[in-house]
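Containing compact mmCIF, C-alpha atoms: upload_27.txt.
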# COMPACT_ATOMS: atom_id res chain seq x y z
CA MET A 1 93.33 -43.49 90.04
CA GLY A 2 94.96 -44.88 86.88
CA VAL A 3 98.25 -43.70 85.47
CA GLU A 4 97.78 -41.23 82.60
CA GLU A 5 99.00 -42.55 79.26
CA LYS A 6 102.14 -40.85 78.04
CA ALA A 7 101.94 -38.84 74.84
CA PHE A 8 104.39 -39.95 72.15
CA LEU A 9 104.11 -37.26 69.51
CA VAL A 10 105.18 -36.97 65.91
CA GLY A 11 106.60 -33.48 65.35
CA ASP A 12 106.10 -31.54 62.13
CA ASN A 13 109.48 -29.84 61.61
CA PRO A 14 110.61 -32.25 58.83
CA PHE A 15 107.28 -31.64 57.06
CA HIS A 16 108.18 -27.94 56.87
CA GLY A 17 111.76 -28.67 55.80
CA ILE A 18 113.15 -27.46 59.14
CA SER A 19 116.23 -28.72 60.97
CA HIS A 20 117.31 -27.02 64.21
CA LEU A 21 120.80 -28.48 63.84
CA SER A 22 121.72 -27.09 60.43
CA GLN A 23 120.32 -26.01 57.07
CA GLU A 24 122.55 -28.64 55.47
CA ARG A 25 120.58 -31.44 57.15
CA SER A 26 117.39 -29.86 55.85
CA ARG A 27 118.75 -29.79 52.29
CA ILE A 28 119.86 -33.43 52.51
CA ARG A 29 116.30 -34.50 53.38
CA GLY A 30 115.00 -32.95 50.17
CA ASP A 31 111.38 -32.04 49.50
CA THR A 32 109.81 -35.49 49.92
CA PRO A 33 108.86 -35.13 53.64
CA THR A 34 107.16 -31.80 52.87
CA ASN A 35 104.59 -33.48 50.61
CA PRO A 36 101.36 -33.63 52.70
CA GLU A 37 100.31 -37.09 51.48
CA TYR A 38 103.79 -38.51 52.12
CA ALA A 39 103.84 -36.85 55.56
CA ALA A 40 100.48 -38.42 56.40
CA LYS A 41 101.88 -41.85 55.51
CA LEU A 42 104.88 -41.26 57.79
CA ILE A 43 102.50 -40.41 60.64
CA GLN A 44 100.53 -43.58 59.91
CA ILE A 45 103.74 -45.63 60.14
CA SER A 46 104.56 -43.87 63.42
CA LEU A 47 101.13 -44.82 64.80
CA GLU A 48 101.80 -48.44 63.96
CA ASN A 49 105.05 -48.20 65.93
CA GLY A 50 103.79 -46.69 69.17
CA ALA A 51 103.11 -43.00 68.52
CA ASN A 52 99.72 -41.70 69.65
CA GLY A 53 99.77 -37.99 68.84
CA PHE A 54 100.76 -35.25 66.41
CA MET A 55 102.24 -31.89 67.41
CA PHE A 56 102.05 -29.36 64.59
CA SER A 57 102.14 -25.67 63.78
CA VAL A 58 98.86 -24.63 62.16
CA SER A 59 99.70 -23.95 58.52
CA GLU A 60 98.19 -24.74 55.14
CA LYS A 61 100.58 -27.67 54.87
CA THR A 62 99.73 -29.28 58.21
CA LEU A 63 96.02 -28.66 57.66
CA SER A 64 96.39 -30.60 54.40
CA ILE A 65 98.10 -33.40 56.33
CA LEU A 66 95.17 -33.48 58.77
CA ASN A 67 92.81 -33.77 55.80
CA PHE A 68 94.71 -36.80 54.47
CA LEU A 69 94.69 -38.40 57.93
CA LYS A 70 90.94 -37.80 58.20
CA LYS A 71 90.27 -39.34 54.79
CA ASN A 72 92.41 -42.38 55.64
CA GLY A 73 90.62 -42.90 58.97
CA ASP A 74 93.78 -42.31 61.02
CA ILE A 75 92.76 -39.02 62.64
CA ASN A 76 90.75 -40.74 65.39
CA ARG A 77 93.87 -42.62 66.51
CA LEU A 78 95.69 -39.36 67.20
CA SER A 79 95.75 -36.85 70.00
CA LEU A 80 96.35 -33.44 68.41
CA TYR A 81 98.56 -30.71 69.86
CA ALA A 82 98.30 -27.58 67.71
CA ILE A 83 100.78 -24.69 67.90
CA ILE A 84 99.61 -21.19 66.95
CA PRO A 85 100.46 -18.97 65.22
CA TYR A 86 102.77 -20.45 62.60
CA ALA A 87 105.06 -17.42 62.54
CA TYR A 88 106.84 -18.27 59.28
CA GLU A 89 103.59 -18.45 57.32
CA TYR A 90 102.52 -15.01 58.51
CA VAL A 91 105.93 -13.45 57.85
CA ARG A 92 105.92 -14.89 54.33
CA LEU A 93 102.37 -13.66 53.77
CA ALA A 94 103.25 -10.18 55.05
CA SER A 95 106.06 -9.92 52.50
CA LYS A 96 103.55 -10.59 49.73
CA VAL A 97 100.74 -8.25 50.82
CA GLY A 98 102.58 -5.10 51.86
CA GLY A 99 103.86 -5.67 55.37
CA VAL A 100 101.90 -5.69 58.64
CA PRO A 101 98.97 -3.48 57.43
CA GLY A 102 98.46 -5.73 54.42
CA LEU A 103 98.75 -8.83 56.59
CA ALA A 104 96.11 -7.51 59.00
CA LYS A 105 93.69 -6.84 56.13
CA LYS A 106 94.34 -10.32 54.69
CA VAL A 107 93.71 -12.08 58.02
CA VAL A 108 90.57 -10.03 58.68
CA LYS A 109 89.26 -10.99 55.24
CA GLN A 110 90.02 -14.66 55.89
CA ILE A 111 88.18 -14.52 59.22
CA ALA A 112 85.20 -12.75 57.63
CA PHE A 113 84.87 -15.46 54.97
CA SER A 114 85.62 -18.37 57.34
CA GLY A 115 81.97 -18.83 58.28
CA ASN A 116 82.86 -18.67 61.98
CA PHE A 117 80.22 -16.22 63.18
CA ASN A 118 81.54 -16.23 66.74
CA ALA A 119 84.94 -15.08 65.52
CA VAL A 120 83.38 -12.42 63.28
CA ALA A 121 81.28 -11.06 66.17
CA LEU A 122 84.28 -10.93 68.50
CA GLY A 123 86.34 -9.22 65.83
CA LEU A 124 83.67 -6.58 65.22
CA LYS A 125 83.52 -5.89 68.94
CA GLY A 126 87.30 -5.56 69.08
CA VAL A 127 87.38 -3.07 66.21
CA LEU A 128 84.45 -0.96 67.43
CA LYS A 129 85.71 -0.75 71.01
CA ALA A 130 89.45 -0.86 70.28
CA ASP A 131 89.43 -3.94 72.53
CA LEU A 132 92.72 -5.82 72.08
CA GLY A 133 91.43 -8.74 74.17
CA SER A 134 88.49 -9.30 71.81
CA LEU A 135 90.82 -9.22 68.82
CA VAL A 136 93.03 -11.88 70.43
CA LYS A 137 89.95 -14.03 71.07
CA THR A 138 88.88 -13.52 67.45
CA TYR A 139 92.18 -14.85 66.22
CA LEU A 140 92.05 -17.86 68.56
CA ALA A 141 88.51 -18.75 67.45
CA TYR A 142 89.57 -18.47 63.81
CA GLU A 143 92.61 -20.77 64.19
CA ILE A 144 90.61 -23.39 66.08
CA SER A 145 87.94 -23.33 63.38
CA ARG A 146 90.66 -24.02 60.78
CA ILE A 147 91.84 -27.05 62.74
CA ARG A 148 88.31 -28.39 63.27
CA SER A 149 87.48 -27.94 59.61
CA SER A 150 90.51 -29.95 58.46
CA ALA A 151 90.62 -32.62 61.18
CA GLY A 152 86.88 -33.05 61.63
CA LYS A 153 84.74 -32.41 64.68
CA GLN A 154 85.37 -35.88 66.09
CA ALA A 155 89.16 -35.47 66.18
CA GLU A 156 90.74 -35.20 69.64
CA LEU A 157 92.20 -31.70 69.88
CA ASN A 158 94.02 -32.13 73.18
CA SER A 159 95.73 -28.76 73.46
CA VAL A 160 96.27 -25.51 71.58
CA ILE A 161 99.77 -24.25 72.31
CA LEU A 162 100.99 -20.67 71.99
CA HIS A 163 104.06 -20.47 69.73
CA GLN A 164 107.46 -19.98 71.35
CA LEU A 165 108.02 -16.60 69.69
CA VAL A 166 104.82 -15.20 71.19
CA THR A 167 105.20 -16.92 74.56
CA ASP A 168 108.76 -15.76 75.11
CA MET A 169 108.11 -12.24 73.83
CA CYS A 170 105.17 -11.86 76.22
CA LEU A 171 107.34 -13.23 79.03
CA GLY A 172 110.01 -10.68 78.24
CA PHE A 173 107.52 -7.82 78.39
CA ASN A 174 105.75 -9.19 81.49
CA LEU A 175 102.41 -9.27 79.67
CA SER A 176 100.60 -11.28 82.32
CA TRP A 177 97.18 -10.29 80.92
CA ILE A 178 97.89 -12.16 77.67
CA PHE A 179 98.62 -15.36 79.58
CA ARG A 180 95.52 -14.95 81.79
CA LEU A 181 93.29 -14.24 78.79
CA TYR A 182 94.71 -17.20 76.86
CA VAL A 183 94.32 -19.66 79.75
CA ASP A 184 90.79 -18.50 80.65
CA TRP A 185 89.55 -18.47 77.05
CA MET A 186 90.95 -21.90 76.21
CA LEU A 187 89.54 -23.50 79.35
CA LYS A 188 86.10 -22.02 78.62
CA ALA A 189 86.37 -23.45 75.10
CA GLY A 190 87.01 -26.89 76.62
CA LEU A 191 90.63 -27.01 75.48
CA LYS A 192 93.87 -27.39 77.38
CA PRO A 193 95.90 -24.15 77.09
CA GLY A 194 99.53 -24.74 76.21
CA PHE A 195 102.74 -22.75 75.94
CA ASN A 196 105.77 -23.53 73.80
CA THR A 197 108.81 -21.89 75.36
CA GLY A 198 112.57 -21.72 75.14
CA ASN A 199 112.63 -20.25 78.65
CA PHE A 200 111.05 -23.03 80.70
CA ALA A 201 112.38 -21.99 84.11
CA LEU A 202 111.35 -18.35 83.59
CA LEU A 203 107.84 -19.26 82.45
CA VAL A 204 107.23 -21.40 85.55
CA LYS A 205 108.65 -18.66 87.80
CA LYS A 206 106.41 -15.99 86.22
CA PHE A 207 103.29 -18.14 86.41
CA LYS A 208 103.89 -18.63 90.12
CA GLU A 209 104.36 -14.86 90.57
CA TRP A 210 101.19 -14.11 88.59
CA GLU A 211 99.27 -16.87 90.41
CA ILE A 212 98.32 -18.62 87.18
CA SER A 213 97.65 -22.28 87.93
CA LEU A 214 100.30 -24.63 86.60
CA LYS A 215 97.85 -27.51 86.94
CA ASP A 216 95.62 -26.31 84.10
CA ILE A 217 98.21 -25.97 81.34
CA VAL A 218 100.59 -27.86 79.08
CA ILE A 219 104.17 -26.68 78.58
CA ALA A 220 106.25 -27.72 75.57
CA ALA A 221 109.94 -27.14 76.26
CA PRO A 222 113.32 -28.62 75.25
CA PHE A 223 114.65 -31.48 77.39
CA ASN A 224 117.54 -33.66 76.25
CA LYS A 225 120.65 -35.36 77.58
CA ILE A 226 123.13 -32.72 76.39
CA GLY A 227 121.12 -29.62 77.36
CA PHE A 228 120.55 -28.48 73.76
CA GLN A 229 118.29 -25.37 73.79
CA MET A 230 117.68 -25.76 77.55
CA VAL A 231 117.72 -22.20 78.97
CA PRO A 232 119.24 -20.99 81.27
CA SER A 233 120.83 -24.40 81.87
CA LYS A 234 120.08 -28.11 81.88
CA GLU A 235 120.38 -28.19 85.69
CA GLU A 236 118.00 -25.28 86.25
CA CYS A 237 115.39 -26.73 83.89
CA GLU A 238 115.55 -30.11 85.63
CA LYS A 239 115.19 -28.46 89.04
CA THR A 240 112.16 -26.44 87.88
CA LEU A 241 110.60 -29.53 86.32
CA ALA A 242 110.76 -31.38 89.64
CA GLU A 243 108.85 -28.55 91.34
CA LEU A 244 105.75 -28.78 89.13
CA PRO A 245 102.49 -29.97 90.74
CA LYS A 246 101.73 -32.62 88.08
CA PRO A 247 103.09 -34.17 84.85
CA ASN A 248 102.20 -31.51 82.28
CA VAL A 249 105.40 -31.00 80.29
CA LEU A 250 105.85 -32.14 76.70
CA ALA A 251 109.57 -32.68 76.18
CA ILE A 252 110.61 -31.45 72.75
CA SER A 253 113.99 -31.57 70.98
CA ILE A 254 114.67 -34.82 72.84
CA LEU A 255 117.05 -35.96 70.08
CA ALA A 256 118.86 -32.59 70.16
CA ALA A 257 118.05 -32.05 66.47
CA GLY A 258 119.44 -35.49 65.59
CA TYR A 259 122.64 -35.26 67.61
CA LEU A 260 121.48 -38.01 70.03
CA LYS A 261 120.47 -41.57 69.23
CA PRO A 262 116.85 -42.49 70.09
CA GLU A 263 117.92 -44.99 72.75
CA GLU A 264 120.03 -42.54 74.76
CA ALA A 265 117.43 -39.79 74.32
CA ILE A 266 114.64 -41.98 75.68
CA ASP A 267 116.78 -43.27 78.54
CA TYR A 268 117.34 -39.68 79.70
CA ILE A 269 113.68 -38.60 79.37
CA ALA A 270 112.62 -41.69 81.35
CA THR A 271 114.57 -40.41 84.37
CA LEU A 272 112.70 -37.08 84.53
CA PRO A 273 109.64 -36.35 86.69
CA ASN A 274 106.46 -34.57 85.52
CA ILE A 275 106.87 -35.43 81.85
CA LYS A 276 103.48 -35.75 80.13
CA GLY A 277 104.98 -36.89 76.87
CA ALA A 278 107.68 -36.33 74.28
CA SER A 279 107.99 -35.18 70.71
CA ARG A 280 110.71 -35.80 68.17
Conversion result in structure tokens:
Amino acid sequence: MGVEEKAFLVGDNPFHGISHLSQERSRIRGDTPTNPEYAAKLIQISLENGANGFMFSVSEKTLSILNFLKKNGDINRLSLYAIIPYAYEYVRLASKVGGVPGLAKKVVKQIAFSGNFNAVALGLKGVLKADLGSLVKTYLAYEISRIRSSAGKQAELNSVILHQLVTDMCLGFNLSWIFRLYVDWMLKAGLKPGFNTGNFALLVKKFKEWEISLKDIVIAAPFNKIGFQMVPSKEECEKTLAELPKPNVLAISILAAGYLKPEEAIDYIATLPNIKGASR
């Protein structure tokens, strides 16, 4: 059996004007990286220098970037890791359309006009039967259709990853059914279910308790030399990582938001077991 190729992913935080270290760093960057065409060129340069994937929150901006990559012929060189939902986009939209009720109406309208008949049918079932599970599936089908539409059907959508806010909230409330539904639905759709978390050790512990296979998923979690954002501690996260059955962790924040130099960040990640890949 051959060794699986490591995923070296371009992250999308700079394209959204986000810095996890400080707002000052974000302001210094300016607006240039947030331009979709410019962002697509940066990804192209990254591909030429060893990157082989793109991890992104599904937003109008990143969908535009995917469109540029498709037009330039670069999309087929990338393995895509999509994070849903893009919480900021929905919060911003809610503020414009009258809060949560207005947001719900807006999203339902978008789904209805998306042309995704599977999503529409699932949504109708969810409304008629007050079936929360069907509504969740409706949303998932809708987001995936947005990605496929922008990236093209031939693009390699490796994994669809549940956003950290949703993952960690569901962990906190012990909503095991959400995780089961998400894993089962994604696998049936032929996609690798993923979870972005700031509580790596807790997620692994809960999945073992709930008997959800850790072999079938991807986990995106912070790993870096100084323990930045590693909860509850760098030591506990490293211990939990070593206990996984296979390499299925995407190490994120490896540069600790720019605090570490690339060389020392990579040297640390190289010492860890069960790392599937890394993202800036």
Quiz prompt | Å distance separating CA of Pro232 in chain A from CA of Thr167 in chain A, one decimal place | solution = 16.1 Å
Given 4 Å on each side, where is the centre and what are the edge lengths in Å to one decimal of the axis-aligned box enclosing the listed atoms of range 224-237 of chain A, as JSON?
{"center_x": 119.3, "center_y": -28.2, "center_z": 80.0, "size_x": 15.7, "size_y": 22.4, "size_z": 20.5}
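Distance check against Leu214 in chain A using all atoms listed in the file: of A:Val183, A:Ile275, A:Ile226, A:Leu171, the minimum falls on A:Val183.
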Quiz item: With distances taken over all atoms listed in the file, which of A:Val166, A:Ile266, A:Cys237, A:Val160 is nearest to Ala278 in chain A?
Solution: A:Ile266
Exercise. Compare A:Lys192, A:Lys70, A:Arg180, A:Lys215 by their minimum atom-to-atom distance to Ala155 in chain A, counting only C-alpha atoms, and give me the closest one.
Key: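 When distances to Ala155 in chain A are compared using only C-alpha atoms, the smallest one comes from A:Lys70.
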Exercise. Mind checking which residues fall within 6 Å of Ser279 in chain A, counting all atoms listed in the file, ignoring those fewer than 4 positions away in the same chain, and posting them as a PyMOL selection string?
Key: chain A and resi 9-11+252
Practice problem: In Å, rounded to a single decimal, give me how far CA of Pro85 in chain A is from CA of Ser145 in chain A. | Solution: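 We find that CA of Ser145 in chain A and CA of Pro85 in chain A lie 13.4 Å from each other.
CA of Pro193 in chain A to CA of Val136 in chain A spans 14.3 Å [interatomic distance, one decimal].
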Practice problem: Name the residues in contact with Ala40 in chain A at a cut-off of 12 Å, using all atoms listed in the file, excluding same-chain residues fewer than 3 positions from it; report them as number ranges by chain. | Solution: A: 10-12, 15, 32-37, 43-47, 54, 61-75, 78
List the spatial neighbours of Ile219 in chain A as a PDB file with C-alpha atoms, in the coordinates of the input - criterion: any atom at most 10 Å away, only C-alpha atoms, same-chain residues fewer than 5 positions off excluded.
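Final output, selection-v5.pdb:
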ATOM      1  CA  ILE A 161      99.770 -24.250  72.310  1.00  0.00           C
ATOM      2  CA  LEU A 162     100.990 -20.670  71.990  1.00  0.00           C
ATOM      3  CA  PRO A 193      95.900 -24.150  77.090  1.00  0.00           C
ATOM      4  CA  GLY A 194      99.530 -24.740  76.210  1.00  0.00           C
ATOM      5  CA  PHE A 195     102.740 -22.750  75.940  1.00  0.00           C
ATOM      6  CA  ASN A 196     105.770 -23.530  73.800  1.00  0.00           C
ATOM      7  CA  THR A 197     108.810 -21.890  75.360  1.00  0.00           C
ATOM      8  CA  PHE A 200     111.050 -23.030  80.700  1.00  0.00           C
ATOM      9  CA  LEU A 203     107.840 -19.260  82.450  1.00  0.00           C
ATOM     10  CA  VAL A 204     107.230 -21.400  85.550  1.00  0.00           C
ATOM     11  CA  LEU A 214     100.300 -24.630  86.600  1.00  0.00           C
ATOM     12  CA  PRO A 247     103.090 -34.170  84.850  1.00  0.00           C
ATOM     13  CA  ASN A 248     102.200 -31.510  82.280  1.00  0.00           C
ATOM     14  CA  VAL A 249     105.400 -31.000  80.290  1.00  0.00           C
ATOM     15  CA  LEU A 250     105.850 -32.140  76.700  1.00  0.00           C
ATOM     16  CA  ALA A 251     109.570 -32.680  76.180  1.00  0.00           C
ATOM     17  CA  ILE A 252     110.610 -31.450  72.750  1.00  0.00           C
ATOM     18  CA  ILE A 275     106.870 -35.430  81.850  1.00  0.00           C
ATOM     19  CA  LYS A 276     103.480 -35.750  80.130  1.00  0.00           C
TER      20      LYS A 276
END
Quiz prompt | Residue among A:Ala201, A:Val218, A:Ile254, A:Ile178 lying closest to Ile83 in chain A, counting only C-alpha atoms | solution =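 Among the listed residues, the smallest separation from Ile83 in chain A belongs to A:Val218.
In this comparison, which uses all atoms listed in the file, the residue of A:Glu143, A:Glu156, A:Glu48, A:Glu60 approaching Leu80 in chain A most closely is A:Glu156.
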Exercise. Measuring atom to atom with all atoms listed in the file, identify which of A:Met169, A:Ile212, A:Tyr182, A:Ala51 is nearest to Asn199 in chain A.
Key: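 Comparing A:Met169, A:Ile212, A:Tyr182, A:Ala51 against Asn199 in chain A, the winner is A:Met169.
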